[in-house]
Amino acid sequence: MKKLFVFMAFLPLAAGCIAEYSEVSPVTAQKLQSYSKKVMSETVAIPVEAVEFAIAFDAYLQLSDLEKESDYRFFGNCTDMGQGVYDISYHSTREYRYTYMRVDTKGLSIREEGVTWKLLLFEMTGNDFDYSRLDFTFSLPEDSEITMLSAADSTWAVDMGEKAVAKMKMHPKRGELYEWSVESRGKEDTTIGMTAEYGTVGSFTIRERYLESKEKTNVYDGIFNLDIYREGVPHDYCHMTFTPYTVDIKTSR
Amino acid sequence: MKRILILLSLCVVIPLNAQDKISDRILQNKMEKLQREFKFWEEWPYKFEVRLGYGGYALMDETNFIHDWNENVYGPGYDRPSGLEGLYAPQDGPVYMTGQIFGEFSWHAKRRFTLSAGLYFNGFHGSLVDPDTEQLIRKRRGMSATIIPSARFYWANFNYCRLYSEVGIGVGVGTFDGVTEVFPAFQMTGIGITAGREVFFFAEYSFGTLCMGGKIGLGYRF
């Protein structure tokens, strides 16, 4: 009896209590897809949204004070910080989008060839950047630059520094609906020997259409590939083919 | 012998024909206390005791060494990497603690008062895993050791059972996966019980920086 008593008293030593419930999250096809969709949104879809937003804001700046009062997007949502710097915070209930932009216009119009606007901050929340219909917030790297390359061809470039450079051509609008052809290429390095190279294959089309509620949404048509290297050796990939209705994804896992 | 001499000296020094009733009452109380004390030591002829026990959840160890590990190493406001680095960077697996394993040595100074010194150990172990291959990179190990002197107050004494409370202040040192800290320790036992005489079982409900919750173990009085 005494031996059993002693054994029971020391039994808890064999157990342990868990102090931290961290679970290892391995690299899976799902994680590669999530990462790839995020990169595609940030280097293809969001730069196009940023250029559209900048063009609309540029048009607003050209209006007279009285005409500005009729603009639902920017009037009351825009703060003049001085020296051509503006702070805009706009929440669209119709498109379920929230956009925040702090831009240095240098007092010039972005619709003039060769002019560059510096996007000190650009952030957009929406649910249609990758057909997932889940709300996400994406942002451009700080101090990204929008430049009008050619007024005749309606082409712009968005330079996101080390992250990516996107070039886009605006096609004639269908009423209020934009259509763009985008080419984007970029790279991401890490401190652990992994590198990702990504971009559109050929031309990637983004065009707007109306939903039943008259809300605008994006339709994508094109290929976006992301390849991951470990110490320069191909390691993983995620290749996405967008059609107007769906996205077909192939991953290495 | 000492106790008899004290008793005798009290009888000689204090006037037996004291007129003051309060003085009589004080003397009577003191006599009764001494008698209880003598009777107790006759029934419980144990001056010392040693204990070996386990238990309580080491909440401060968990916070200092495990939850705060990233901030201790990388600085306040540390955020886990995101993007490509977040996908492939080594990840921490679950971390476990053994729980507090302790030994105590006590000196029964009085019927109701004991001085004690305890030594507590708690071990930690976890793992670092490569999320790419799901292979173990290395183990993460550590432990903490605390020395804590304390005072114990027995507020109920029976034939085979004693009830008590305890309070202690001490200092400890611990290390986990390359991070070392020295820390103060404070522990209070709200209620404890011993069952047995020479060999006894004890159980406590305790809270403080050392551990939170129930502790149990075995002891030996001599």
# chains A, B, ... in the order shown; residues from 1 in each chain; ligands from 1
>>> residues_around(residues="Ser144 in chain B", least_positions_apart="6", cutoff="12 Å", atoms="only C-alpha atoms", output="ChimeraX atom specification")
/B:58,60-62,64-66,97-102,119-125,171-176,179-183,185,210
>>> write_last_selection(atoms="N, CA and C atoms", output="compact mmCIF listing (two decimals), in the first residue's frame")
# COMPACT_ATOMS: atom_id res chain seq x y z
N ALA B 58 3.15 26.48 -13.55
CA ALA B 58 4.18 27.52 -13.48
C ALA B 58 3.89 28.64 -14.48
N MET B 60 4.32 31.96 -14.40
CA MET B 60 5.35 32.97 -14.67
C MET B 60 6.47 32.41 -15.53
N ASP B 61 6.82 31.15 -15.32
CA ASP B 61 7.83 30.51 -16.17
C ASP B 61 7.34 30.47 -17.61
N GLU B 62 6.06 30.14 -17.77
CA GLU B 62 5.49 30.06 -19.12
C GLU B 62 5.56 31.44 -19.79
N ASN B 64 7.54 34.19 -18.87
CA ASN B 64 8.89 34.73 -18.98
C ASN B 64 9.71 34.04 -20.05
N PHE B 65 9.63 32.70 -20.08
CA PHE B 65 10.58 31.96 -20.90
C PHE B 65 9.99 31.46 -22.22
N ILE B 66 8.70 31.21 -22.25
CA ILE B 66 8.13 30.57 -23.44
C ILE B 66 7.37 31.59 -24.28
N MET B 97 6.05 21.89 -20.31
CA MET B 97 6.77 22.06 -19.04
C MET B 97 6.55 20.80 -18.21
N THR B 98 7.54 20.43 -17.42
CA THR B 98 7.35 19.27 -16.53
C THR B 98 6.42 19.62 -15.38
N GLY B 99 6.37 20.91 -15.03
CA GLY B 99 5.66 21.32 -13.81
C GLY B 99 6.68 21.43 -12.69
N GLN B 100 6.31 22.07 -11.61
CA GLN B 100 7.26 22.31 -10.51
C GLN B 100 7.48 21.02 -9.71
N ILE B 101 8.74 20.62 -9.65
CA ILE B 101 9.15 19.48 -8.80
C ILE B 101 9.99 20.11 -7.69
N PHE B 102 9.64 19.84 -6.45
CA PHE B 102 10.32 20.56 -5.37
C PHE B 102 10.66 19.68 -4.19
N LEU B 119 13.35 24.22 -2.64
CA LEU B 119 14.08 24.29 -3.91
C LEU B 119 13.17 23.72 -4.98
N TYR B 120 12.87 24.53 -6.00
CA TYR B 120 11.91 24.15 -7.04
C TYR B 120 12.59 24.04 -8.38
N PHE B 121 12.21 23.04 -9.15
CA PHE B 121 12.72 22.88 -10.52
C PHE B 121 11.56 22.73 -11.49
N ASN B 122 11.71 23.35 -12.67
CA ASN B 122 10.72 23.19 -13.72
C ASN B 122 11.47 23.04 -15.04
N GLY B 123 11.16 22.03 -15.81
CA GLY B 123 11.86 21.81 -17.08
C GLY B 123 10.98 22.16 -18.27
N PHE B 124 11.61 22.69 -19.36
CA PHE B 124 10.84 23.02 -20.57
C PHE B 124 11.43 22.25 -21.75
N HIS B 125 10.60 21.82 -22.65
CA HIS B 125 11.10 21.24 -23.89
C HIS B 125 10.14 21.47 -25.03
N VAL B 171 14.26 33.74 -4.81
CA VAL B 171 14.85 34.16 -6.07
C VAL B 171 15.09 32.94 -6.95
N GLY B 172 14.99 33.14 -8.24
CA GLY B 172 15.17 32.01 -9.14
C GLY B 172 15.97 32.40 -10.36
N VAL B 173 16.43 31.39 -11.09
CA VAL B 173 17.14 31.61 -12.36
C VAL B 173 16.63 30.58 -13.35
N GLY B 174 16.49 31.00 -14.59
CA GLY B 174 15.98 30.06 -15.58
C GLY B 174 16.59 30.33 -16.94
N THR B 175 16.53 29.34 -17.79
CA THR B 175 17.03 29.49 -19.15
C THR B 175 16.18 28.65 -20.09
N PHE B 176 15.96 29.17 -21.32
CA PHE B 176 15.23 28.41 -22.33
C PHE B 176 15.73 28.82 -23.69
N VAL B 179 18.01 31.88 -23.84
CA VAL B 179 17.65 33.09 -23.11
C VAL B 179 17.68 32.77 -21.61
N THR B 180 18.45 33.55 -20.83
CA THR B 180 18.60 33.31 -19.38
C THR B 180 18.09 34.51 -18.61
N GLU B 181 17.37 34.25 -17.51
CA GLU B 181 16.87 35.34 -16.67
C GLU B 181 16.97 34.99 -15.21
N VAL B 182 17.17 36.02 -14.38
CA VAL B 182 17.08 35.88 -12.92
C VAL B 182 15.82 36.63 -12.51
N PHE B 183 15.05 36.08 -11.59
CA PHE B 183 13.77 36.69 -11.27
C PHE B 183 13.43 36.49 -9.79
N ALA B 185 10.84 35.62 -6.66
CA ALA B 185 9.74 34.67 -6.53
C ALA B 185 8.95 34.98 -5.27
N LEU B 210 5.72 31.29 -8.50
CA LEU B 210 6.27 29.95 -8.72
C LEU B 210 5.28 29.08 -9.45
>>> interface_residues(of="chain B", to="chain A", cutoff="7 Å", atoms="only C-alpha atoms", output="mmCIF file with C-alpha atoms, in the first residue's frame")
data_model
loop_
_atom_site.group_PDB
_atom_site.id
_atom_site.type_symbol
_atom_site.label_atom_id
_atom_site.label_comp_id
_atom_site.auth_asym_id
_atom_site.auth_seq_id
_atom_site.Cartn_x
_atom_site.Cartn_y
_atom_site.Cartn_z
ATOM 1 C CA GLU B 62 5.487 30.064 -19.116
ATOM 2 C CA GLY B 83 5.223 36.427 -47.310
ATOM 3 C CA GLU B 85 9.915 34.068 -45.556
ATOM 4 C CA LEU B 87 6.096 30.318 -45.649
ATOM 5 C CA GLN B 91 8.575 27.192 -36.945
ATOM 6 C CA ASP B 92 8.186 26.467 -33.227
ATOM 7 C CA GLY B 93 6.305 23.348 -32.287
ATOM 8 C CA PRO B 94 4.364 22.971 -29.005
ATOM 9 C CA VAL B 95 6.359 23.628 -25.834
ATOM 10 C CA TYR B 96 5.871 21.543 -22.694
ATOM 11 C CA MET B 97 6.766 22.062 -19.035
ATOM 12 C CA THR B 98 7.354 19.271 -16.533
ATOM 13 C CA GLY B 99 5.661 21.317 -13.815
ATOM 14 C CA PRO B 131 7.768 23.537 -42.492
ATOM 15 C CA ASP B 132 9.102 22.626 -45.943
ATOM 16 C CA GLU B 134 8.232 18.772 -41.651
ATOM 17 C CA GLY B 217 3.697 15.175 -2.180
#
>>> residues_around(residues="Lys169 in chain A", least_positions_apart="5", cutoff="9 Å", atoms="only C-alpha atoms", output="list in words")
Asp153, Ser154, Thr155, Trp156, Ala157, Glu179, Trp180, Ser181, Val182 and Glu183 of chain A
>>> select_by_dssp(residues="range 13-157 of chain A", states="helix (DSSP H, G or I)", output="ChimeraX atom specification")
/A:13-14,29-61,65-68
>>> atom_distance(atom1="CA of Leu163 in chain B", atom2="CA of Ala109 in chain B")
16.3 Å
>>> residues_around(residues="Pro45 in chain B", least_positions_apart="6", cutoff="12 Å", atoms="only C-alpha atoms", output="PyMOL selection string")
chain B and resi 37-39+108+110-111+197-198+221-222
>>> closest_residue(among="B:Gln187, B:Gly56, B:Arg140, B:Arg25", to="Gly213 in chain B", atoms="only C-alpha atoms")
B:Gly56
>>> atom_distance(atom1="CA of Pro244 in chain A", atom2="CA of Lys173 in chain A")
17.8 Å
>>> atom_distance(atom1="CA of Ile216 in chain B", atom2="CA of Gly126 in chain B")
25.9 Å
>>> select_by_dssp(residues="range 135-224 of chain A", states="strand (DSSP E)", output="PyMOL selection string")
chain A and resi 136-140+144-150+155-159+164-170+179-189+194-210+216-224
>>> residues_around(residues="Ile110 in chain A", least_positions_apart="6", cutoff="7 Å", atoms="only C-alpha atoms", output="PDB file with C-alpha atoms, in the first residue's frame")
ATOM      1  CA  ILE A  55      -6.881  59.120 -62.788  1.00  0.00           C
ATOM      2  CA  ASP A  58      -6.654  63.825 -61.056  1.00  0.00           C
ATOM      3  CA  THR A 116       5.171  60.749 -61.957  1.00  0.00           C
ATOM      4  CA  TRP A 117       3.037  60.694 -58.827  1.00  0.00           C
ATOM      5  CA  MET A 148       2.199  58.051 -67.510  1.00  0.00           C
TER       6      MET A 148
END
>>> decode(residues="range 123-172 of chain A", atoms="N, CA and C atoms", output="short mmCIF file (atom, residue, chain, number, x, y, z; two decimals), in the first residue's frame")
data_model
loop_
_atom_site.label_atom_id
_atom_site.label_comp_id
_atom_site.auth_asym_id
_atom_site.auth_seq_id
_atom_site.Cartn_x
_atom_site.Cartn_y
_atom_site.Cartn_z
N GLU A 123 -3.65 51.78 -50.02
CA GLU A 123 -4.20 50.57 -49.40
C GLU A 123 -5.64 50.40 -49.87
N MET A 124 -6.01 49.15 -50.18
CA MET A 124 -7.38 48.93 -50.65
C MET A 124 -7.93 47.65 -50.03
N THR A 125 -9.15 47.70 -49.56
CA THR A 125 -9.82 46.52 -49.00
C THR A 125 -10.99 46.18 -49.91
N GLY A 126 -11.05 44.93 -50.33
CA GLY A 126 -12.15 44.52 -51.19
C GLY A 126 -12.24 43.01 -51.20
N ASN A 127 -13.13 42.47 -52.00
CA ASN A 127 -13.32 41.03 -51.99
C ASN A 127 -13.36 40.43 -53.39
N ASP A 128 -12.79 41.12 -54.35
CA ASP A 128 -12.89 40.55 -55.69
C ASP A 128 -11.56 40.61 -56.43
N PHE A 129 -10.45 40.54 -55.66
CA PHE A 129 -9.17 40.64 -56.35
C PHE A 129 -8.67 39.30 -56.85
N ASP A 130 -9.28 38.23 -56.37
CA ASP A 130 -8.81 36.92 -56.82
C ASP A 130 -9.95 35.93 -56.93
N TYR A 131 -11.17 36.39 -57.11
CA TYR A 131 -12.38 35.56 -57.21
C TYR A 131 -12.73 34.87 -55.90
N SER A 132 -12.03 35.17 -54.80
CA SER A 132 -12.29 34.42 -53.57
C SER A 132 -13.54 34.91 -52.85
N ARG A 133 -13.95 36.19 -53.13
CA ARG A 133 -15.07 36.83 -52.44
C ARG A 133 -14.85 36.91 -50.93
N LEU A 134 -13.57 36.91 -50.53
CA LEU A 134 -13.26 37.11 -49.11
C LEU A 134 -12.64 38.49 -48.98
N ASP A 135 -12.98 39.22 -47.93
CA ASP A 135 -12.42 40.55 -47.74
C ASP A 135 -10.95 40.48 -47.41
N PHE A 136 -10.13 41.17 -48.17
CA PHE A 136 -8.71 41.27 -47.87
C PHE A 136 -8.28 42.71 -48.05
N THR A 137 -7.21 43.08 -47.34
CA THR A 137 -6.62 44.40 -47.53
C THR A 137 -5.27 44.21 -48.17
N PHE A 138 -5.06 44.91 -49.28
CA PHE A 138 -3.77 44.87 -49.96
C PHE A 138 -3.20 46.28 -50.04
N SER A 139 -1.89 46.35 -50.09
CA SER A 139 -1.28 47.66 -50.18
C SER A 139 -0.10 47.61 -51.12
N LEU A 140 0.19 48.74 -51.71
CA LEU A 140 1.41 48.87 -52.50
C LEU A 140 2.55 49.22 -51.54
N PRO A 141 3.79 48.87 -51.90
CA PRO A 141 4.91 49.29 -51.04
C PRO A 141 4.93 50.81 -50.92
N GLU A 142 5.37 51.31 -49.78
CA GLU A 142 5.44 52.77 -49.61
C GLU A 142 6.32 53.37 -50.69
N ASP A 143 5.93 54.58 -51.10
CA ASP A 143 6.69 55.34 -52.11
C ASP A 143 6.70 54.66 -53.49
N SER A 144 5.67 53.87 -53.79
CA SER A 144 5.53 53.37 -55.17
C SER A 144 5.26 54.57 -56.07
N GLU A 145 5.56 54.43 -57.36
CA GLU A 145 5.40 55.57 -58.28
C GLU A 145 4.53 55.19 -59.47
N ILE A 146 3.63 56.11 -59.80
CA ILE A 146 2.80 55.95 -61.01
C ILE A 146 3.33 56.95 -62.03
N THR A 147 3.59 56.47 -63.23
CA THR A 147 4.08 57.35 -64.30
C THR A 147 3.25 57.12 -65.56
N MET A 148 2.87 58.21 -66.22
CA MET A 148 2.20 58.05 -67.51
C MET A 148 3.29 57.95 -68.57
N LEU A 149 3.34 56.79 -69.22
CA LEU A 149 4.40 56.55 -70.20
C LEU A 149 4.06 57.20 -71.55
N SER A 150 2.81 57.02 -71.97
CA SER A 150 2.42 57.55 -73.28
C SER A 150 0.96 57.95 -73.24
N ALA A 151 0.71 59.23 -73.57
CA ALA A 151 -0.67 59.71 -73.59
C ALA A 151 -1.39 59.15 -74.82
N ALA A 152 -0.65 59.01 -75.93
CA ALA A 152 -1.27 58.53 -77.18
C ALA A 152 -1.74 57.09 -77.03
N ASP A 153 -0.92 56.26 -76.35
CA ASP A 153 -1.25 54.84 -76.19
C ASP A 153 -1.98 54.56 -74.88
N SER A 154 -2.17 55.58 -74.05
CA SER A 154 -2.80 55.41 -72.72
C SER A 154 -2.10 54.32 -71.92
N THR A 155 -0.80 54.46 -71.80
CA THR A 155 -0.05 53.46 -71.01
C THR A 155 0.56 54.13 -69.78
N TRP A 156 0.50 53.37 -68.69
CA TRP A 156 1.06 53.80 -67.42
C TRP A 156 2.00 52.73 -66.90
N ALA A 157 2.85 53.12 -65.98
CA ALA A 157 3.70 52.15 -65.28
C ALA A 157 3.56 52.40 -63.79
N VAL A 158 3.54 51.32 -63.01
CA VAL A 158 3.57 51.43 -61.55
C VAL A 158 4.85 50.74 -61.08
N ASP A 159 5.76 51.54 -60.52
CA ASP A 159 7.04 51.00 -60.05
C ASP A 159 6.93 50.75 -58.55
N MET A 160 6.96 49.47 -58.18
CA MET A 160 6.83 49.12 -56.76
C MET A 160 8.19 48.77 -56.15
N GLY A 161 9.23 49.37 -56.71
CA GLY A 161 10.56 49.17 -56.16
C GLY A 161 11.03 47.74 -56.39
N GLU A 162 11.60 47.12 -55.36
CA GLU A 162 12.14 45.77 -55.50
C GLU A 162 11.03 44.74 -55.70
N LYS A 163 9.82 45.08 -55.33
CA LYS A 163 8.74 44.10 -55.35
C LYS A 163 8.33 43.75 -56.78
N ALA A 164 8.06 44.76 -57.61
CA ALA A 164 7.60 44.49 -58.98
C ALA A 164 7.48 45.79 -59.76
N VAL A 165 7.43 45.65 -61.08
CA VAL A 165 7.10 46.77 -61.96
C VAL A 165 5.95 46.30 -62.84
N ALA A 166 4.86 47.08 -62.87
CA ALA A 166 3.71 46.72 -63.70
C ALA A 166 3.52 47.78 -64.77
N LYS A 167 3.33 47.33 -66.02
CA LYS A 167 3.02 48.26 -67.11
C LYS A 167 1.62 47.92 -67.59
N MET A 168 0.81 48.96 -67.85
CA MET A 168 -0.57 48.69 -68.21
C MET A 168 -1.04 49.64 -69.30
N LYS A 169 -1.90 49.11 -70.14
CA LYS A 169 -2.47 49.90 -71.23
C LYS A 169 -3.98 49.95 -71.03
N MET A 170 -4.52 51.17 -71.05
CA MET A 170 -5.95 51.32 -70.90
C MET A 170 -6.63 51.24 -72.26
N HIS A 171 -7.60 50.34 -72.39
CA HIS A 171 -8.38 50.23 -73.62
C HIS A 171 -9.56 51.19 -73.53
N PRO A 172 -10.19 51.49 -74.68
CA PRO A 172 -11.34 52.42 -74.62
C PRO A 172 -12.41 51.90 -73.65
#
